[in-house]
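What follows is a single structure, written as structure tokens, with notes after it.
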Protein chains: 2
Amino acid sequence: MPSSATKSAKKSTKKSPGQANARATDQASGQTSSKTVDPATNPANAPSPAEGFNGAFSLPPGPALEICLRLQNAIIEHRLQPGTRLSEDEVGEIYGAGRTVVRSALQALAHSGLLEIRRNRGASVAKPTVGDAHEVFEARALIEPEVARRAAARISDADLARLKAHIEAEHEALADSDMGRALALSGLFHIEIAGIAEHSVYAAMIQSLITKSSLIIALYWVRPDTACESHAHHALLDAFVKKDGDAAHAIMRSHLIDLHSGLNLKPPVRKETSLAEALAGG
Amino acid sequence: MPSSATKSAKKSTKKSPGQANARATDQASGQTSSKTVDPATNPANAPSPAEGFNGAFSLPPGPALEICLRLQNAIIEHRLQPGTRLSEDEVGEIYGAGRTVVRSALQALAHSGLLEIRRNRGASVAKPTVGDAHEVFEARALIEPEVARRAAARISDADLARLKAHIEAEHEALADSDMGRALALSGLFHIEIAGIAEHSVYAAMIQSLITKSSLIIALYWVRPDTACESHAHHALLDAFVKKDGDAAHAIMRSHLIDLHSGLNLKPPVRKETSLAEALAGG
DNA sequence: GAAGCAAAAATTGTATACGATTTTTGCTTG
DNA sequence: CAAGCAAAAATCGTATACAATTTTTGCTTC
């Protein structure tokens with residue numbers, strides 16, 4: 001949580017609308033035109049993760065949605081760790097918005113399962129349990145293969161080109177060792193397939209599952225080796241090129257089972273003794 | 001919160017509330033104590049629909065959740081028709097809450113797909129299209145059989161008793177020709193199965209799908225004959241008693257396909273000419 | 001010193017006020 | 001009398017103020 005440092009510094013004088021707003025304007029400048037999506041961290045013409053995940057929230061376009069997407073992105077790219085607390089004031093200062101707007105955004109994120117809100121205790125990034133992790137990947141293994149089959153049946157040349165570009169972007173991110181971005185793109189790949197299948201219900205489910213998967217990976221991923229299974233995406237693309245629905249189904253299913261098995265879900269209970277235990281040895 | 005009753009009475013000077021308000025006030029009578037859930041129409045010890053659908057919203061307990069559940073119930077029981085507009089002020093008056101709370105509730109309902117919110121244009125009960133209807137039932141046919149199989153594997157005697165009582169409640173509602181309640185209970189039966197399966201991800205999905213189904217049925221149901229397929233639920237119960245997962249899977253699947261086919265999804269486009277067309281003949 | 005308790009600070013919950021946008025209404029005009 | 005336009009009403013979006021709750025802090029006491 002790098003933001004905390006700045007916060008404490010700023011907040012010393014208690015509220016400082018001047019600075020807060022200045023910063024906010026900087027960030028939220030492109031409200032209407034979303035081209036201002038931080039070109040520095042958005043190399044090439046690869047799709048911005050922020051764009052791909054748009055349809056998830058049932059908020060009308062506006063500042064609240066904007067904040068939603070920014071926070072979601074931060075979570076998906078693992079810049080915000082599970083468990084991090086998000087105070088309304090803090091978020092409001094960072095993005096230069098009032099608490100009303102921030103609250104709306106936080107609630108939307110809570111609805112999609114990325115945050116947890118407890119009464120009078122604020123919002124914090126969700127921490128899926130081991131059980132949750134199993135459930136999420138089980139559900140993905142049921143739904144996504146079905147969707148892949150459907151996508152294969154109606155994929156267009158333009159879609160194929162987009163998927164191909166997407167895979168290249170993934171490779172680039174990996175080459176740059178930008179794991180956060182690579183992971184986000186990897187999830188976006190699945191979401192794009194859901195979009196191609198033209199099934200909004202499945203698409204919404206998958207979007208929700210994938211954002212949750214991102215949290216799960218942050219907590220339980222144990223494969224420093226990797227290359228992140230990018231060849232599974234290649235194989236999927238091949239199946240799509242051939243419009244082979246059954247193959248797409250099978251590849252997707254084994255891909256997800258593989259992902260599932262890449263998690264370390266053994267530790268039955270992650271004790272909450274973080275502090276006492278951590279300092280016991282010294 | 002309770003003080004609001006007076007408020008709503010006052011403000012009724014203007015507006016043209018008409019039937020809508022009269023009906024609503026009737027509903028809001030027992031706000032704080034949920035035991036006031038109309039014991040007359042709640043025979044035996046059957047579960048109240050309001051309770052069964054609780055876990056759907058990610059709102060901390062409080063007035064907002066309360067309003068959420070009431071509105072959801074009204075929609076599920078078809079007392080609120082698809083397309084009905086819900087003004088923030090109006091809802092606030094009815095339940096005696098400020099707009100802040102109401103807004104929160106409406107956003108939660110929008111996120112679960114029951115309402116649609118358009119910027120500066122307020123919320124209205126969603127009107128699923130024919131395409132949506134197909135998607136929802138397709139998804140249910142994929143997920144619910146899987147969940148039924150899982151439920152069969154871990155169902156307890158207490159669960160069985162509850163399901164049995166539930167079916168009886170459905171029969172009673174049908175005997176009373178209380179279709180709204182019968183439909184709500186029918187949906188709740190499916191949700192209860194999802195609960196028994198102990199899979200929160202599937203449970204959330206199914207809850208969302210079933211509430212949407214309720215809207216779809218309001219729009220496209222065409223079977224005045226009926227008895228509402230209650231014997232399918234009987235057959236499911238039998239399979240559960242025998243702990244026969246495969247049978248439960250098969251029965252659930254055919255049950256859902258049957259429901260799907262009971263809809264009139266032929267009219268490709270439902271013209272928006274409601275008024276002009278409706279008054280053309282006279 | 002550790003435990004208990006009280007005051008203070010921080011944070012969230014809610015209502016309300018004001019500005020912005022949409023929708024309606026009523027007038028003018030061809 | 002239909003169409004276009006302007007004023008009014010209604011409704012939503014957002015910020016801010018105040019109340020309620022939680023968390024922290026500092027003191028007292030054993």
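Ligands are numbered from 1 in the order shown, chains are lettered A, B, ... in the order of the structure tokens, and residues start at 1 in each chain.
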
>> Distance cut-off 8 Å, counting only C-alpha atoms (C1' of nucleotides) - which residues of chain B neighbour chain D? Return them as a list in words.
In response: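 On the chain B side, the interface is Ser87, Arg119, Asn120, Arg121 and Gly122 of chain B.
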
>> Counting only C-alpha atoms, a student should be able to say which residues of chain B come within 6 Å of chain A; what is the right answer, written as a list in words?
In response: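 Listing them in order of chain and number gives Ser58, Pro60, His111, Arg118 and Arg119 of chain B.
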
>> Env of Arg253 (chain B): 10 Å cut, atoms = only C-alpha atoms (C1' of nucleotides), seq-sep filter 6 positions within chain, self excluded. Answer as a PyMOL selection string.
In response: chain B and resi 140-146+148+247+259

Got time to write the residues from that selection, N, CA and C atoms, as a CSV table (one decimal), in the first residue's frame?
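The resulting selection39.csv:
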```csv
chain,number,residue,atom,x,y,z
B,140,ARG,N,-28.9,-21.8,-16.2
B,140,ARG,CA,-29.5,-22.6,-15.2
B,140,ARG,C,-29.4,-24.1,-15.5
B,141,ALA,N,-29.6,-24.4,-16.7
B,141,ALA,CA,-29.6,-25.8,-17.1
B,141,ALA,C,-28.2,-26.4,-17.1
B,142,LEU,N,-27.2,-25.5,-17.1
B,142,LEU,CA,-25.8,-26.0,-17.0
B,142,LEU,C,-25.4,-26.1,-15.5
B,143,ILE,N,-25.8,-25.1,-14.7
B,143,ILE,CA,-25.2,-25.1,-13.4
B,143,ILE,C,-26.1,-25.9,-12.4
B,144,GLU,N,-27.4,-25.7,-12.4
B,144,GLU,CA,-28.2,-26.3,-11.4
B,144,GLU,C,-28.1,-27.8,-11.3
B,145,PRO,N,-28.1,-28.5,-12.4
B,145,PRO,CA,-27.9,-30.0,-12.3
B,145,PRO,C,-26.7,-30.3,-11.5
B,146,GLU,N,-25.6,-29.6,-11.8
B,146,GLU,CA,-24.3,-29.9,-11.1
B,146,GLU,C,-24.5,-29.7,-9.6
B,148,ALA,N,-27.3,-29.8,-8.0
B,148,ALA,CA,-28.2,-30.8,-7.4
B,148,ALA,C,-27.4,-32.1,-7.1
B,247,ALA,N,-29.4,-39.2,-10.5
B,247,ALA,CA,-30.8,-38.9,-10.8
B,247,ALA,C,-31.1,-37.5,-10.5
B,259,LEU,N,-39.2,-26.0,-17.9
B,259,LEU,CA,-39.5,-24.6,-17.6
B,259,LEU,C,-39.2,-23.7,-18.8
```

Could you pull out the residues in region 44-162 of chain A that DSSP calls helix (DSSP H, G or I) from the backbone, as a compact mmCIF listing (two decimals) with N, CA and C atoms, in the first residue's frame?
```
# COMPACT_ATOMS: atom_id res chain seq x y z
N PRO A 49 -6.19 -3.16 -19.69
CA PRO A 49 -7.01 -3.99 -18.83
C PRO A 49 -8.27 -3.25 -18.38
N ALA A 50 -8.11 -2.00 -18.08
CA ALA A 50 -9.25 -1.24 -17.58
C ALA A 50 -10.43 -1.32 -18.54
N GLU A 51 -10.13 -1.26 -19.83
CA GLU A 51 -11.24 -1.28 -20.79
C GLU A 51 -11.95 -2.62 -20.82
N GLY A 52 -11.17 -3.63 -20.79
CA GLY A 52 -11.74 -4.95 -20.96
C GLY A 52 -12.73 -5.34 -19.90
N ASN A 54 -14.91 -3.54 -18.35
CA ASN A 54 -15.91 -2.51 -18.10
C ASN A 54 -17.27 -3.02 -17.69
N GLY A 55 -17.79 -3.92 -18.43
CA GLY A 55 -19.20 -4.31 -18.26
C GLY A 55 -19.56 -4.88 -16.91
N ALA A 56 -18.59 -5.00 -16.03
CA ALA A 56 -18.85 -5.72 -14.79
C ALA A 56 -19.79 -4.99 -13.85
N PRO A 63 -18.06 9.44 -12.49
CA PRO A 63 -16.87 9.34 -11.63
C PRO A 63 -16.85 8.07 -10.80
N ALA A 64 -18.00 7.63 -10.33
CA ALA A 64 -18.01 6.43 -9.50
C ALA A 64 -17.49 5.24 -10.28
N LEU A 65 -17.95 5.09 -11.50
CA LEU A 65 -17.47 3.98 -12.33
C LEU A 65 -15.98 4.10 -12.55
N GLU A 66 -15.55 5.32 -12.79
CA GLU A 66 -14.13 5.55 -13.04
C GLU A 66 -13.29 5.03 -11.87
N ILE A 67 -13.71 5.40 -10.68
CA ILE A 67 -12.97 4.97 -9.49
C ILE A 67 -13.04 3.46 -9.35
N CYS A 68 -14.19 2.92 -9.58
CA CYS A 68 -14.37 1.47 -9.56
C CYS A 68 -13.33 0.79 -10.43
N LEU A 69 -13.23 1.25 -11.65
CA LEU A 69 -12.34 0.59 -12.59
C LEU A 69 -10.89 0.73 -12.16
N ARG A 70 -10.56 1.91 -11.65
CA ARG A 70 -9.18 2.11 -11.21
C ARG A 70 -8.85 1.18 -10.05
N LEU A 71 -9.75 1.11 -9.11
CA LEU A 71 -9.49 0.23 -7.97
C LEU A 71 -9.45 -1.22 -8.41
N GLN A 72 -10.39 -1.59 -9.26
CA GLN A 72 -10.41 -2.97 -9.73
C GLN A 72 -9.10 -3.32 -10.41
N ASN A 73 -8.65 -2.40 -11.21
CA ASN A 73 -7.40 -2.62 -11.91
C ASN A 73 -6.25 -2.81 -10.94
N ALA A 74 -6.22 -1.97 -9.95
CA ALA A 74 -5.15 -2.06 -8.95
C ALA A 74 -5.19 -3.42 -8.26
N ILE A 75 -6.38 -3.89 -8.00
CA ILE A 75 -6.51 -5.19 -7.34
C ILE A 75 -6.08 -6.31 -8.28
N ILE A 76 -6.55 -6.22 -9.50
CA ILE A 76 -6.25 -7.28 -10.45
C ILE A 76 -4.76 -7.36 -10.74
N GLU A 88 -12.69 5.55 3.23
CA GLU A 88 -13.42 6.37 2.27
C GLU A 88 -12.70 7.69 2.04
N ASP A 89 -12.26 8.30 3.13
CA ASP A 89 -11.55 9.56 2.99
C ASP A 89 -10.30 9.41 2.14
N GLU A 90 -9.56 8.36 2.44
CA GLU A 90 -8.31 8.13 1.75
C GLU A 90 -8.53 8.01 0.25
N VAL A 91 -9.42 7.13 -0.13
CA VAL A 91 -9.70 6.94 -1.54
C VAL A 91 -10.20 8.23 -2.15
N GLY A 92 -11.04 8.93 -1.41
CA GLY A 92 -11.58 10.17 -1.93
C GLY A 92 -10.48 11.18 -2.21
N GLU A 93 -9.54 11.30 -1.31
CA GLU A 93 -8.45 12.25 -1.54
C GLU A 93 -7.62 11.86 -2.74
N ILE A 94 -7.33 10.57 -2.83
CA ILE A 94 -6.48 10.11 -3.92
C ILE A 94 -7.09 10.43 -5.27
N TYR A 95 -8.38 10.16 -5.41
CA TYR A 95 -9.00 10.38 -6.70
C TYR A 95 -9.73 11.72 -6.77
N ARG A 99 -16.88 11.72 -0.57
CA ARG A 99 -17.15 10.40 -0.02
C ARG A 99 -18.37 9.77 -0.67
N THR A 100 -19.31 10.57 -1.04
CA THR A 100 -20.52 10.01 -1.65
C THR A 100 -20.17 9.15 -2.86
N VAL A 101 -19.35 9.72 -3.70
CA VAL A 101 -18.97 9.00 -4.92
C VAL A 101 -18.15 7.76 -4.57
N VAL A 102 -17.19 7.96 -3.68
CA VAL A 102 -16.33 6.85 -3.31
C VAL A 102 -17.14 5.70 -2.74
N ARG A 103 -18.05 6.04 -1.88
CA ARG A 103 -18.88 5.02 -1.25
C ARG A 103 -19.63 4.21 -2.30
N SER A 104 -20.13 4.89 -3.27
CA SER A 104 -20.83 4.21 -4.35
C SER A 104 -19.91 3.22 -5.05
N ALA A 105 -18.70 3.67 -5.31
CA ALA A 105 -17.74 2.80 -5.99
C ALA A 105 -17.40 1.60 -5.11
N LEU A 106 -17.17 1.85 -3.85
CA LEU A 106 -16.79 0.75 -2.96
C LEU A 106 -17.91 -0.28 -2.87
N GLN A 107 -19.13 0.19 -2.81
CA GLN A 107 -20.23 -0.76 -2.74
C GLN A 107 -20.32 -1.60 -4.00
N ALA A 108 -20.10 -0.96 -5.13
CA ALA A 108 -20.14 -1.72 -6.38
C ALA A 108 -19.05 -2.80 -6.36
N LEU A 109 -17.88 -2.45 -5.91
CA LEU A 109 -16.80 -3.43 -5.85
C LEU A 109 -17.12 -4.53 -4.86
N ALA A 110 -17.76 -4.17 -3.78
CA ALA A 110 -18.15 -5.19 -2.81
C ALA A 110 -19.14 -6.16 -3.44
N HIS A 111 -20.04 -5.64 -4.25
CA HIS A 111 -21.03 -6.51 -4.89
C HIS A 111 -20.38 -7.49 -5.83
N VAL A 130 -9.37 -20.73 1.35
CA VAL A 130 -9.02 -21.89 0.53
C VAL A 130 -10.29 -22.48 -0.08
N GLY A 131 -11.33 -22.54 0.72
CA GLY A 131 -12.60 -23.06 0.22
C GLY A 131 -13.10 -22.24 -0.95
N ASP A 132 -13.05 -20.93 -0.80
CA ASP A 132 -13.48 -20.06 -1.90
C ASP A 132 -12.68 -20.37 -3.16
N ALA A 133 -11.39 -20.56 -2.98
CA ALA A 133 -10.54 -20.80 -4.14
C ALA A 133 -11.00 -22.05 -4.89
N HIS A 134 -11.25 -23.11 -4.15
CA HIS A 134 -11.73 -24.33 -4.80
C HIS A 134 -13.03 -24.07 -5.53
N GLU A 135 -13.93 -23.38 -4.86
CA GLU A 135 -15.23 -23.12 -5.48
C GLU A 135 -15.10 -22.33 -6.77
N VAL A 136 -14.28 -21.30 -6.71
CA VAL A 136 -14.15 -20.45 -7.89
C VAL A 136 -13.62 -21.24 -9.07
N PHE A 137 -12.60 -22.03 -8.84
CA PHE A 137 -12.02 -22.76 -9.98
C PHE A 137 -12.90 -23.92 -10.42
N GLU A 138 -13.64 -24.46 -9.49
CA GLU A 138 -14.60 -25.49 -9.90
C GLU A 138 -15.65 -24.89 -10.82
N ALA A 139 -16.14 -23.72 -10.43
CA ALA A 139 -17.15 -23.07 -11.25
C ALA A 139 -16.59 -22.70 -12.61
N ARG A 140 -15.37 -22.19 -12.62
CA ARG A 140 -14.78 -21.84 -13.90
C ARG A 140 -14.64 -23.07 -14.78
N ALA A 141 -14.27 -24.18 -14.19
CA ALA A 141 -14.07 -25.40 -14.97
C ALA A 141 -15.39 -25.91 -15.55
N LEU A 142 -16.48 -25.52 -14.92
CA LEU A 142 -17.78 -25.93 -15.46
C LEU A 142 -18.23 -24.98 -16.57
N ILE A 143 -18.08 -23.70 -16.32
CA ILE A 143 -18.71 -22.73 -17.21
C ILE A 143 -17.84 -22.37 -18.40
N GLU A 144 -16.58 -22.12 -18.15
CA GLU A 144 -15.78 -21.57 -19.25
C GLU A 144 -15.61 -22.51 -20.44
N PRO A 145 -15.48 -23.81 -20.22
CA PRO A 145 -15.39 -24.69 -21.40
C PRO A 145 -16.65 -24.58 -22.27
N GLU A 146 -17.77 -24.50 -21.61
CA GLU A 146 -19.02 -24.35 -22.35
C GLU A 146 -18.99 -23.08 -23.19
N VAL A 147 -18.51 -22.02 -22.58
CA VAL A 147 -18.45 -20.74 -23.27
C VAL A 147 -17.44 -20.78 -24.40
N ALA A 148 -16.34 -21.49 -24.18
CA ALA A 148 -15.34 -21.58 -25.24
C ALA A 148 -15.93 -22.29 -26.46
N ARG A 149 -16.70 -23.33 -26.20
CA ARG A 149 -17.33 -24.04 -27.32
C ARG A 149 -18.23 -23.08 -28.10
N ARG A 150 -18.99 -22.31 -27.35
CA ARG A 150 -19.90 -21.37 -27.96
C ARG A 150 -19.14 -20.31 -28.76
N ALA A 151 -18.04 -19.86 -28.19
CA ALA A 151 -17.24 -18.84 -28.88
C ALA A 151 -16.71 -19.39 -30.20
N ALA A 152 -16.28 -20.64 -30.17
CA ALA A 152 -15.73 -21.23 -31.39
C ALA A 152 -16.76 -21.24 -32.51
N ALA A 153 -18.00 -21.37 -32.12
CA ALA A 153 -19.06 -21.46 -33.13
C ALA A 153 -19.33 -20.14 -33.81
N ARG A 154 -19.00 -19.04 -33.14
CA ARG A 154 -19.37 -17.76 -33.73
C ARG A 154 -18.23 -16.75 -33.78
N ASP A 157 -13.22 -13.25 -37.92
CA ASP A 157 -11.80 -13.01 -38.21
C ASP A 157 -11.27 -11.87 -37.35
N ALA A 158 -12.08 -10.86 -37.19
CA ALA A 158 -11.65 -9.73 -36.36
C ALA A 158 -11.37 -10.20 -34.94
N ASP A 159 -12.26 -11.07 -34.45
CA ASP A 159 -12.05 -11.60 -33.11
C ASP A 159 -10.72 -12.35 -33.03
N LEU A 160 -10.47 -13.16 -34.02
CA LEU A 160 -9.23 -13.93 -34.03
C LEU A 160 -8.01 -13.02 -33.99
N ALA A 161 -8.08 -11.98 -34.78
CA ALA A 161 -6.96 -11.04 -34.81
C ALA A 161 -6.77 -10.42 -33.42
N ARG A 162 -7.87 -10.08 -32.80
CA ARG A 162 -7.78 -9.44 -31.49
C ARG A 162 -7.17 -10.40 -30.47
```

Counting only C-alpha atoms (C1' of nucleotides), what are the residues of chain C within 8 Å of chain B, and for each of them which pair of atoms is the nearest and at what distance in Å, to one decimal? Sort the table by chain and rising number, as CSV.
```
residue,atom,partner,partner_atom,distance
C:DT14,C1',B:Thr100,CA,6.8
C:DA15,C1',B:Gly98,CA,6.4
C:DT21,C1',B:Asn120,CA,6.4
C:DT22,C1',B:Asn120,CA,6.8
```
